[in-house]
Every structure is written in structure tokens, then in C-alpha cells.
Amino acid sequence: MAESASVDSAAKLAIRREAGMGITVWRWVGTAALIAVAVVLPFAISNYHVFELTQVMIYAIAVLGLNILTGYNGQISLGHGGFFAAGAYTAAILMHRYGVPYWATLAPAALVCFALGMLFGVPALRFEGPYLALVTLAMAVAMPQLLKYFDDWTGGKQGLVLVKPMPPPELGLDRDRWLYFFVLVILLVAIRLAANVLNGRTGRAFVAIRDHPIAAAAMGINTARYKTLAFGASTLFTGVAGALAAIVIGFVAPESFTLFLSLSFLIGSAVGGIATISGAIIGGFFIEFVPNVANDVSDAAPWAIYGLTLLLFMYVMPRGVVGTIGPWLAPAMQQFRSARRAAK
Amino acid sequence: MRAKQMIVAGLCAAGLMLAGNAVYAAGQYGPGVTDTEIKIGNTNPYSGPASSYGINGKVHAAYFNMINEKGGINGRKINYITRDDSYSPPKTVELVRQMVEQDKVFLLFATLGTPSNMAIHGYLNENKVPQLFVATGADQWNDPKHFPWTMMWLPSYGIESRIYANYILKNFPNGKIAVLYQNDDYGKDYLNGLRAGLGDKAAKMIVATQSYETTDPTVDQQVVALQGSGADVLLTAAIPKFAAQTVRKVYDIGWKPTHLLNSVGNSVGLVMKPAGLEKGVGIISAAHVKDPTDPQWQNTPEYKEWLAFMNSHGLSGSTTDVQAAIGYSYAQTLVEVLRMCGDNLTRENVMKQAASLHNFKLPMLLPGITLNTSPDDFDPIKQMQLQKFDGTTWQLFGDVISRSGT
Amino acid sequence: MHQLLQQIFSGLAAGAVYASLALALVMIYRATDLVNFAQGEMAMFSTYIAWTLVNAEVPFWAAFVITLAVSFVGGMLIERIVIRPVENAPILTMVVVTIGLLLIFNATAGWIYSYTLQEFPSPFPDRTLFGALMTTRDVGVIAVTLVMLVALFCFFRFTATGLAMRAAAQNPESARLCGVRVGRMLALGWGFAAAIGAVAGIMVAPVLFLDPNMMGGVLLYAFTAALLGGITSPVGAVVGGLIVGVTENLVGTYLIASQLKLTVALILIIIVLVFRPNGLFGTAVVRRV
């Protein structure tokens with residue numbers, strides 16, 4: 001029994017390491033510390049910085065969605081800005097037209113985007129590589145056009161101005177901090193959900209399909225179902241992020257969701273580490289702060305600085321921050337655990 | 001005892017009042033203002049699809065530098081903070097919050113773009129920060145009752161299209177109109193303004209509309225489709241690049257409608273010349289600003305002064321761009337309003353002074369066009385003049401037309 | 001009927017514009033298995049170089065040749081300096097690197113040349129042909145695109161270098177074993193693609209007018225065209241470009257309002273791709289398991 005248990009756990013461990021995952025004691029400690037910092041931080045910084053951090057978390061959720069699809073399942077998507085927009089407008093229309101309270105718009109946004117993703121996933125099965133990129137690109141390009149066309153619903157080019165949520169009075173928080181915690185909770189839920197899915201059978205199926213689709217099919221994995229599921233799961237996350245963005249900014253317009261937004265998510269994904277969960281948060285930081293920093297560095301050509309920073313990140317850490325540091329960290333952790341187990 | 005306490009209280013109160021006044025004797029200051037500096041905030045699309053408007057911000061910065069070199073306004077230098085929002089409303093919100101909450105600017109000036117301004121005007125009005133002279137021509141910004149901190153500057157696109165509507169009704173009452181417009185708020189405002197100006201005749205007279213995106217490489221398809229509708233009047237609401245393509249294509253396919261071209265797209269140097277000067281003969285437009293590439297202004301002192309300013313401040317690459325003349329005029333308006341505030345530099349007073357402009361002239365505006373505001377009217381420029389292109393220059397004709405459109 | 005012909009011819013003219021950039025995309029893909037998102041901006045930058053030369057009184061054709069040479073060398077340098085270090089990185093990393101290049105070129109052009117619209121001279125006179133259906137410049141674009149197509153086709157089919165390049169792209173290890181200098185082939189591929197892009201930009205600028213965002217929209221269409229035709233086929237790129245141009249025009253005029261024409265055109269193209277997932281002229285990649 002002990003024999004098979006150790007084989008089982010060693011195999012599990014190997015698979016998890018392969019896919020870039022792995023829960024250790026240090027991970028729990030680290031995560032708890034990060035959460036503690038995240039909870040205390042908003043009280044130590046100004047409203048504006050709280051607002052910025054809220055944006056970071058929203059982008060992190062969106063990039064997490066992209067990581068599921070492109071990182072774990074290997075299907076490239078240039079269209080996640082479009083799904084972000086779908087979530088944002090679902091929330092906006094519900095709030096603006098039907099007076100739905102902001103917290104109740106998340107579930108419909110998630111459902112709508114999940115359905116859209118599954119719908120997209122079906123034709124996407126036919127395509128690979130640059131062809132898949134084109135199909136998803138169509139989504140990013142079509143979204144603004146459709147949003148402007150159906151202007152009775154979407155407010156068209158004028159956009160929709162939304163009433164910003166008031167925090168519940170008992171908590172004594174101002175609006176910025178309330179929204180920060182609201183988004184933080186959603187982010188933690190999203191991470192937990194993603195971790196559960198990706199560390200389980202579904203996640204292993206995703207990775208198997210990414211690395212060796214033929215072998216995966218030969219082993220009995222229904223590639224069509226899992227690829228479509230990956231799409232749906234991915235767009236669900238990004239759609240929820242979009243809904244949160246609509247709530248926090250208080251305004252949606254087609255100009256908010258250009259092709260560059262889709263490219264930004266891709267950039268965030270690559271910089272953080274595409275087949276990781278924590279990388280999404282790093283990606284969120286990159287997308288939010290580097291343009292501002294670039295603006296301070298160079299008045300004349302900030303996007304050139306952004307581009308150069310991007311190139312630098314890709315040279316030094318081609319697999320993203322977490323993707324490069326993780327595999328360096330993992331063997332060290334592994335050694336520690338083996339030493340502990342040997343000492344027992 | 002009570003009397004003594006009351007006397008002491010009264011003396012303290014008097015003392016505080018005097019002390020307060022002593023502090024303010026130097027001037028009343030809102031946030032972002034000191035004895036030596038006034039901080040102004042601005043967002044502009046310096047990159048992305050709307051980057052052709054970025055020159056506005058550059059011209060403002062250069063003009064304020066020039067004013068600072070001459071000693072500033074009432075002894076205070078302007079600290080102009082401008083940031084790139086790439087025409088993306090979420091970014092605009094973030095940058096404006098940064099400028100108000102972190103940089104603590106005194107006011108927001110000439111923030112550009114309708115969606116960008118829509119995203120921030122709730123926040124700015126809520127926090128009582130002036131959103132002064134927004135750089136957009138949408139009609140909705142003139143609403144002092146609901147948005148007392150937001151003021152326009154440009155004549156709205158709606159005013160301009162109503163001028164065209166009246167011109168059409170007078171000269172082509174049975175005309176068939178085709179409209180080419182940019183598929184965003186700016187273009188749609190022209191179409192809606194035209195419809196409003198034509199009244200009940202709109203449905204009958206407008207026979208075809210086509211729109212384009214700024215990411216479209218050409219507008220040939222749209223122009224050809226509009227010709228196919230059999231229209232004999234064409235209204236084009238396009239930015240320079242597409243206006244130039246339209247002017248050229250209309251000529252090349254042998255279509256000869258009465259062509260009305262919007263003010264954003266009527267620059268001689270940026271539109272008429274690239275399209276081919278002979279192809280634009282007969283085109284009618286409205287304007288409120290002098291086109292720097294128009295030969296008729298080349299020898300005027302106002303143009304020479306503007307040109308000297310552009311060349312001495314590193315902007316010689318944009319001396320063909322009418323947006324640069326517009327940005328110059330914006331900056332001059334702000335300088336005047338700040339000057340009018342004297343030492344009473346509170347946000348309330350800025351809005352009050354901005355709402356008291358009376359026949360204020362600017363050198364790069366067409367002769368006869370002045371700025372006028374009142375507490376009920378936050379649209380400083382309501383006049384334009386019609387002009388016709390003769391192959392070399394825009395010949396102004398008729399009188400200066402006011403908002404009522406006569 | 002006249003309207004239909006007009007739209008078709010306009011579509012062909014626009015399609016040639018897309019096709020010319022699509023050829024550059026195909027070139028890079030064949031040489032390096034990578035879609036280069038920066039292709040449009042590189043072409044635009046080359047065009048600005050040509051514009052600077054022309055403004056400095058250099059005769060047009062001399063400026064043309066110099067720009068081609070500079071772009072060729074520039075392309076090779078970019079491959080060596082920017083792409084080579086991340087050669088073995090995951091595909092997404094390389095895609096993101098090309099996006100970074102896109103941003104750098106666009107911002108630098110805007111900084112040096114400002115965003116003001118500029119005119120660009122055309123070697124072809126400004127006249128209309130076939131009873132106003134087309135201008136000589138449009139015909140010029142089509143002609144030059146076809147010449148480039150033939151040149152590319154012959155290069156890959158009939159020259160030793162072309163063969164070596166194809167081998168290096170498909171199987172670098174085996175190619176090395178056969179004596180092919182894989183690194184040099186990759187650099188050559190980028191150089192050629194940059195040169196093709198420069199030609200595309202120079203041909204297109206008189207028609208579209210020159211500004212830093214000139215190629216932004218074109219890249220999207222060129223990408224679609226290249227994929228529709230088959231990302232590995234130069235003939236496909238040109239045919240794809242022409243089809244995209246004409247389809248878009250017809251869709252916008254007859255099928256749906258111009259506000260949705262890009263969306264509908266893309267949907268139609270995707271439907272075509274569903275039936276031919278490797279494009280019209282592309283070859284299916286057979287992978288050994």
C-alpha cells in the first residue's frame with residue numbers, strides 16, 4: 001500500500017511539475033502572506049493607488065482566462081478583448097437598462113461569455129496556429145463594430161455612463177476601497193476555481209491536448225470536448241473581468257475595447273508566464289503600470305519604451321516571470337521536501 | 001463671567017477672521033495654485049488611431065512655455081501636465097484621477113475626445129474640478145445646469161451640420177443627399193445634425209449614408225456606393241486622411257455632386273493638395289479657424305506670428321496642420337481666462353470668468369468670429385463661415401453664421 | 001451594372017494593396033514559421049525613409065533602390081539582434097516580440113516624423129483608365145504586386161537559395177546536416193520580407209497617404225488575405241488579397257451596411273476556411289507522430 005501510495009504521489013508530483021503546478025507548504029505560507037498584504041494595503045495608500053490596484057486585479061483575472069486557453073490548452077487567442085467587452089457590456093446593459101444591482105451582473109456576464117466561448121470553441125476546433133489567430137482576431141475586430149451598430153442597446157458610440165456602486169454603510173469604507181475588496185474577493189475565487197480545474201483531470205487533459213494531441217486522443221481524451229471547454233472556461237474568466245471593469249470605471253464605450261486590448265492581454269500572459277496562474281497577476285501589473293512608467297520616461301515616444309521593455313522581458317525571461325523563476329524554484333523546493341521525507 | 005467669555009470668544013473670532021484674511025491677502029488659491037505656479041492637467045491621444053489630434057497637446061505645451069518665458073500669467077508660471085490616453089476611456093479615467101488626486105492639478109483643460117470626456121465628466125463634476133474647454137465638438141457638453149464644471153470651446157458639429165442643412169434647403173431644396181461619415185460620435189453628430197436641420201424633409205432628401213472606420217485603409221467602396229444612389233449632394237464628415245481620399249475618388253469616378261466637406265477635413269495642405277488641387281474645385285465647407293496652408297492668410301501678421309511661434313518651438317513639422325492653429329487658439333483662451341482671474345485663483349472663479357467671455361477675439365480665428373459665454377451658455381464659439389474652394393484657396397462667402405443658422 | 005463594375009475594380013485595387021503586404025507576411029512565414037505582426041509598421045518605416053530621401057531631392061527611382069537596400073539590411077539586422085535570442089522560446093513569446101517591434105516602429109515613426117499626414121510621390125501619372133473604373137496608380141500597384149509575386153514564386157521554386165530556405169524553415173536540424181546555413185537563411189528571409197514590405201509601402205503611400213498609422217488597418221487585411229490564400233503560398237497571398245478586397249466592397253454595398261462590412265467579410269472568410277483549413281492554396285502540414 002505504502003509502495004503504491006508513493007508511486008502515485010510521485011507520478012502526481014511529476015505531472016504537476018510538468019504542468020508548472022505544485023502545492024507545497026511554502027506555497028500556502030506565501031499565498032497567505034500575499035493575501036494579508038493585499039487586505040492591509042488599501043488602508044496604507046491613496047485612493048488613486050487603490051484604484052490602480054483594482055485595475056491590476058481586473059486585468060489579472062482577464063489574463064488568467066487567457067492563460068487557461070493559450071497556456072494550458074495551447075490555443076492562441078487574439079480576441080480576448082472582445083470577450084472582455086462582451087462581459088462589460090452585459091453588466092453595463094443590465095445595470096443601465098434594467099437597474100440590476102452591480103453585484104448581480106457578474107453571474108449573467110459569466111454565463112453569457114461562457115456560452116460565447118463554447119460557441120467560438122466549436123469552429124475553432126478546425127483551426128490551428130495562425131488560422132486560429134485569425135478566427136479569434138475576427139472576434140476582437142467584430143466586437144466594436146457590433147457594439148456601434150446595435151446602438152439602441154449599447155448606447156452606440158456614446159457609450160453608457162453607469163452609476164458607480166455605493167459601498168454598504170456598515171463597513172465604513174469609501175467607494176474605491178469597497179470596490180477594491182469586491183474585486184479582490186472575485187480574484188481569489190477565480191484563482192481557486194482555476195487551480196481546482198487546472199490541477200484536476202480537466203487540467204491534465206488540457207495540457208495533454210496541448211503537448212501531444214494525437215497521443216491524448218489515443219489515450220481516450222475527448223479532445224473536441226476539452227478544447228471547447230477550455231474556450232468556454234477561458235472566456236468565462238475574461239468576461240467576468242470585463243463586467244468588473246464596467247463597474248469600477250463606471251463607463252463603457254466601443255473605444256475601450258480595441259484590438260490593442262487583446263494584444264495587451266497576450267502581452268500580460270507572456271510576461272507573467274502563460275501556463276501559470278500566479279503569472280496572471282504579474283501580467284496584470286505589467287499591463288497597468290508599464291505604460292504609465294513609459295510615459296514618465298519618455299514624453300516623446302512612450303510606446304517605444306513600452307515595446308523595448310517588453311522585448312527586454314522576453315529576452316531575460318522567455319517563459320515569463322513565473323515561468324522562468326518557477327522551474328528554478330521547484331527543484332529547490334523538491335530537494336527540501338525529499339530531505340524532510342528522508343529525515344522522517 | 002459670561003460677558004467676559006463672550007468678549008473673548010468675539011475677539012478670537014475677529015482675530016481668526018483677520019488672520020484668515022491675512023493669509024488670503026496674497027490671493028485665494030484652489031488646489032494646484034501657488035504664488036508662482038498654476039498646475040494644469042490634460043489628456044490627449046498621442047498614440048493610437050486618433051493620434052493625428054495629438055498635435056493639440058504639443059501646441060498647448062509650447063504656447064505655455066512661451067508664456068512662461070515672458071513671465072507667466074500675473075507672475076505665475078503654468079505647469080502643464082499632459083498625458084497620453086490613446087483615446088481609450090478607461091485610460092482617460094485613470095490619468096484624470098491621477099492628475100486630480102496625485103498631481104493635484106487646478107483644472108483639466110482641453111481633454112480630447114467624446115468618449116474620453118464622457119468617461120470623466122461625472123467624476124470631475126462630482127469633485128468640482130473644472131473640465132474646461134473640452135476638445136470635442138459633440139453637442140451635449142453645453143449643459144451648465146447639470147454639469148456646471150464642464151465647458152466647450154469648438155463650435156459643435158451639430159451647429160456646423162445645421163449650417164449645411166440650411167444651405168442645402170436654400171440652394172437645393174429638391175436635392176438628393178448622400179452622407180459619408182466616420183463611424184464614431186464625431187461623424188454621427190454630423191449626420192444627426194443634418195437630419196435635425198432638414199427637419200421633416202430629412203427622410204426624403206437623405207437617400208444614402210455610408211460610414212467608415214479609422215482602421216479602414218480606403219473609403220473607395222463607400223464613395224462608389226454613394227454615387228450609385230443617384231445623389232447630387234454629398235456631405236463628407238471625415239478626418240483629413242479620408243477626406244483627401246474622398247475628394248480624389250469623387251473626382252476620379254466622374255461624379256460631380258455639390259460636395260460639402262466638414263471643417264475637420266478641409267485643410268488645404270493636408271487634404272486638398274494631396275487629393276489634387278484641381279479635384280477639389282467647387283467644394284463647400286464651413287470654418288471658424290484660419291487654415292495655415294491657405295494662401296490668403298500667408299501675409300497677415302497673425303499668421304506670421306503663429307508661424308514664428310511654431311518654428312521656434314520645435315513644431316515646424318506641423319505648420320501645415322490646421323489642428324495646430326486650433327490648439328494655439330485653445331491655449332490663448334485659457335491664458336486669457338486665467339489672466340482674468342487675477343489673484344483669485346479658485347476653481348469657482350475660473351468657471352465664473354470662463355462664463356463671462358464677451359466678444360473675445362483670437363488671431364487665428366476667422367475675422368468676425370468671437371467667443372461669447374454666459375452662465376447659461378457654455379459654448380464659446382457658435383459662429384462659422386461658409387467658404388468655397390477655387391483650386392488654390394478657400395474663398396469665404398456670405399456672412400458669419402450664428403447658431404440659429406441664418 | 002456600372003456600380004457593380006466600379007465596386008469590383010475598386011476592390012481589386014484595394015486588394016492589390018493588401019496582397020503586397022501579404023506577400024511579405026508569407027515570405028517571413030515560409031522562412032521562419034512565424035507571423036510577423038510588425039511587418040506593416042516596418043513597411044511604413046521604410047516608406048518614411050524613402051520619403052525623407054525624396055524630400056532631400058533624391059530622384060524617385062534612386063530613392064526606391066536605396067530604401068530597398070536599407071530595408072533589406074535592416075530586416076536582416078532585426079532578425080539577428082531581436083529575433084535570434086528568442087529563437088527557441090515558445091511561439092507566444094515570439095509573437096509578443098513582434099508586437100513589441102510593432103509598437104517600437106510605430107512610436108518611433110510618430111516621434112521622428114509627427115502624425116501629420118504627408119503626400120508621397122507616385123512614379124505613375126495621375127490618370128483614370130477604363131472609363132473611370134481605375135486609376136493608373138491602382139494599376140501600378142497591381143502590376144508591381146504581380147511582378148513581386150512572380151519573383152517570389154521563381155525564387156522559391158527555381159533557385160538553390162530558395163530551396164535552402166524552405167528546407168531551413170521546415171526542418172532546421174536536417175537542413176543543417178545537409179550543409180544549409182540555417183541562421184543565414186533566417187536572416188535572408190527577414191531581409192527579403194522587409195524589402196517586399198518596403199515596395200508595398202512605397203506603392204501604397206501615394207494611394208493611402210503617408211502617416212504612421214498608414215499600415216495599421218492594412219496589416220489586418222493582409223493577414224486575412226495571407227491566411228485565406230494559404231500562409232505558405234505567395235500565389236495564395238495575392239489571390240487572397242484580391243478576394244478580400246472585392247468581397248469587402250460587395251458586402252459593404254449590397255449585403256449589409258458599411259458599418260458591419262468588415263465583420264461580415266471576416267465571417268465569410270472564416271466559413272471558407274472551415275472547408276479549407278489551410279487556405280485556398282495552402283498545403284496541409286503532415287506531421288509525423
# chains A, B, ... in the order shown; residues from 1 in each chain; ligands from 1
$ interface_residues --of "chain A" --to "chain B" --cutoff "7 Å" --atoms "only C-alpha atoms" --output "number ranges by chain"
A: 48, 157-159, 249, 251, 253, 255-256
$ write_last_selection --atoms "N, CA and C atoms" --output "mmCIF file, in the first residue's frame"
data_model
loop_
_atom_site.group_PDB
_atom_site.id
_atom_site.type_symbol
_atom_site.label_atom_id
_atom_site.label_comp_id
_atom_site.auth_asym_id
_atom_site.auth_seq_id
_atom_site.Cartn_x
_atom_site.Cartn_y
_atom_site.Cartn_z
ATOM 1 N N TYR A 48 -6.204 56.916 -5.244
ATOM 2 C CA TYR A 48 -5.828 56.711 -6.628
ATOM 3 C C TYR A 48 -5.074 55.397 -6.802
ATOM 4 N N LYS A 157 -21.844 54.728 -30.058
ATOM 5 C CA LYS A 157 -20.534 55.352 -29.917
ATOM 6 C C LYS A 157 -20.433 56.212 -28.665
ATOM 7 N N GLN A 158 -21.573 56.670 -28.184
ATOM 8 C CA GLN A 158 -21.563 57.489 -26.972
ATOM 9 C C GLN A 158 -21.187 56.668 -25.757
ATOM 10 N N GLY A 159 -21.477 55.404 -25.825
ATOM 11 C CA GLY A 159 -21.200 54.578 -24.660
ATOM 12 C C GLY A 159 -22.288 54.717 -23.618
ATOM 13 N N ILE A 249 -14.941 51.290 -13.559
ATOM 14 C CA ILE A 249 -14.698 52.525 -14.305
ATOM 15 C C ILE A 249 -15.963 53.358 -14.393
ATOM 16 N N PHE A 251 -18.038 53.359 -16.904
ATOM 17 C CA PHE A 251 -18.303 53.822 -18.264
ATOM 18 C C PHE A 251 -17.879 52.745 -19.240
ATOM 19 N N ALA A 253 -17.593 52.104 -23.579
ATOM 20 C CA ALA A 253 -17.736 52.616 -24.937
ATOM 21 C C ALA A 253 -16.953 51.698 -25.855
ATOM 22 N N GLU A 255 -14.736 52.326 -27.876
ATOM 23 C CA GLU A 255 -13.306 52.662 -27.922
ATOM 24 C C GLU A 255 -12.504 52.038 -26.797
ATOM 25 N N SER A 256 -13.204 51.590 -25.735
ATOM 26 C CA SER A 256 -12.459 50.988 -24.630
ATOM 27 C C SER A 256 -11.949 49.594 -24.982
#
$ interface_residues --of "chain C" --to "chain B" --cutoff "8 Å" --atoms "only C-alpha atoms" --output "MDAnalysis selection string"
chainID C and resid 3 6:7 10:11 14 107 113:119 128 132:133 135 207:209 213:218 249 252:253 257:259
$ interface_residues --of "chain C" --to "chain A" --cutoff "6 Å" --atoms "only C-alpha atoms" --output "list in words"
Ala89, Val97, Gly100, Leu103, Ile104, Ala107, Trp111 and Thr263 of chain C
$ write_last_selection --atoms "C-alpha atoms" --output "PDB file, in the first residue's frame"
ATOM      1  CA  ALA C  89      11.306  30.332 -26.929  1.00  0.00           C
ATOM      2  CA  VAL C  97       8.329  40.103 -29.517  1.00  0.00           C
ATOM      3  CA  GLY C 100       6.899  44.830 -29.266  1.00  0.00           C
ATOM      4  CA  LEU C 103       4.994  49.347 -31.027  1.00  0.00           C
ATOM      5  CA  ILE C 104       8.585  50.489 -31.319  1.00  0.00           C
ATOM      6  CA  ALA C 107       6.066  55.158 -31.871  1.00  0.00           C
ATOM      7  CA  TRP C 111       8.178  60.765 -32.845  1.00  0.00           C
ATOM      8  CA  THR C 263     -17.353  41.726 -39.590  1.00  0.00           C
TER       9      THR C 263
END
$ atom_distance --atom1 "CA of Pro331 in chain A" --atom2 "CA of Trp28 in chain A"
17.4 Å
$ select_by_dssp --residues "range 106-262 of chain B" --states "helix (DSSP H, G or I)" --output "ChimeraX atom specification"
/B:114-126,139-141,157-171,185-205,220-228,240-252
$ residues_around --residues "Leu53 in chain C" --least-positions-apart "3" --cutoff "10 Å" --atoms "only C-alpha atoms" --output "PyMOL selection string"
chain C and resi 47-50+56-60+62-64+66-67
$ decode --residues "range 270-340 of chain A" --atoms "C-alpha atoms" --output "CSV table (one decimal), in the first residue's frame"
chain,number,residue,atom,x,y,z
A,270,ALA,CA,3.5,36.1,-22.0
A,271,VAL,CA,5.2,38.4,-19.4
A,272,GLY,CA,3.7,36.7,-16.4
A,273,GLY,CA,4.1,33.1,-17.7
A,274,ILE,CA,1.5,31.6,-20.0
A,275,ALA,CA,1.0,28.3,-18.3
A,276,THR,CA,0.8,29.6,-14.8
A,277,ILE,CA,-1.9,31.1,-12.5
A,278,SER,CA,0.2,33.5,-10.5
A,279,GLY,CA,1.7,34.8,-13.7
A,280,ALA,CA,-1.6,36.3,-14.5
A,281,ILE,CA,-1.2,38.7,-11.5
A,282,ILE,CA,2.3,39.7,-12.7
A,283,GLY,CA,0.8,40.2,-16.2
A,284,GLY,CA,-1.8,42.5,-14.7
A,285,PHE,CA,0.8,44.6,-13.1
A,286,PHE,CA,2.7,44.9,-16.3
A,287,ILE,CA,-0.3,45.9,-18.4
A,288,GLU,CA,-1.4,48.5,-15.9
A,289,PHE,CA,1.9,50.1,-14.8
A,290,VAL,CA,4.4,49.8,-17.6
A,291,PRO,CA,2.6,52.2,-19.9
A,292,ASN,CA,2.5,54.8,-17.1
A,293,VAL,CA,6.1,54.4,-16.3
A,294,ALA,CA,7.0,54.6,-20.0
A,295,ASN,CA,5.1,57.8,-20.2
A,296,ASP,CA,7.2,59.3,-17.4
A,297,VAL,CA,10.4,58.0,-19.0
A,298,SER,CA,9.8,59.4,-22.4
A,299,ASP,CA,7.3,62.1,-23.3
A,300,ALA,CA,8.0,61.8,-27.0
A,301,ALA,CA,7.6,58.1,-27.7
A,302,PRO,CA,6.3,56.2,-24.6
A,303,TRP,CA,5.1,53.2,-26.6
A,304,ALA,CA,8.6,52.7,-27.9
A,305,ILE,CA,9.8,52.4,-24.3
A,306,TYR,CA,6.9,50.0,-23.6
A,307,GLY,CA,8.0,48.0,-26.6
A,308,LEU,CA,11.6,48.0,-25.5
A,309,THR,CA,10.6,46.9,-22.0
A,310,LEU,CA,8.6,44.1,-23.5
A,311,LEU,CA,11.5,42.9,-25.6
A,312,LEU,CA,13.7,43.0,-22.5
A,313,PHE,CA,11.3,40.9,-20.5
A,314,MET,CA,11.1,38.4,-23.3
A,315,TYR,CA,14.9,38.1,-23.6
A,316,VAL,CA,15.6,37.7,-20.0
A,317,MET,CA,12.6,35.6,-19.2
A,318,PRO,CA,11.3,34.0,-22.3
A,319,ARG,CA,8.8,31.8,-20.4
A,320,GLY,CA,7.5,34.7,-18.4
A,321,VAL,CA,8.4,35.8,-14.9
A,322,VAL,CA,6.7,32.9,-13.1
A,323,GLY,CA,7.5,30.5,-16.0
A,324,THR,CA,11.3,31.2,-15.6
A,325,ILE,CA,11.5,31.6,-11.9
A,326,GLY,CA,9.2,28.7,-11.1
A,327,PRO,CA,11.2,25.9,-12.6
A,328,TRP,CA,14.2,27.3,-10.8
A,329,LEU,CA,12.4,27.4,-7.5
A,330,ALA,CA,10.7,24.0,-7.9
A,331,PRO,CA,13.8,21.8,-7.8
A,332,ALA,CA,14.9,23.7,-4.7
A,333,MET,CA,11.6,23.0,-3.0
A,334,GLN,CA,11.7,19.4,-4.2
A,335,GLN,CA,15.1,18.9,-2.6
A,336,PHE,CA,13.9,20.4,0.6
A,337,ARG,CA,10.8,18.1,0.7
A,338,SER,CA,12.9,15.0,-0.2
A,339,ALA,CA,15.4,15.9,2.6
A,340,ARG,CA,12.5,16.2,5.0
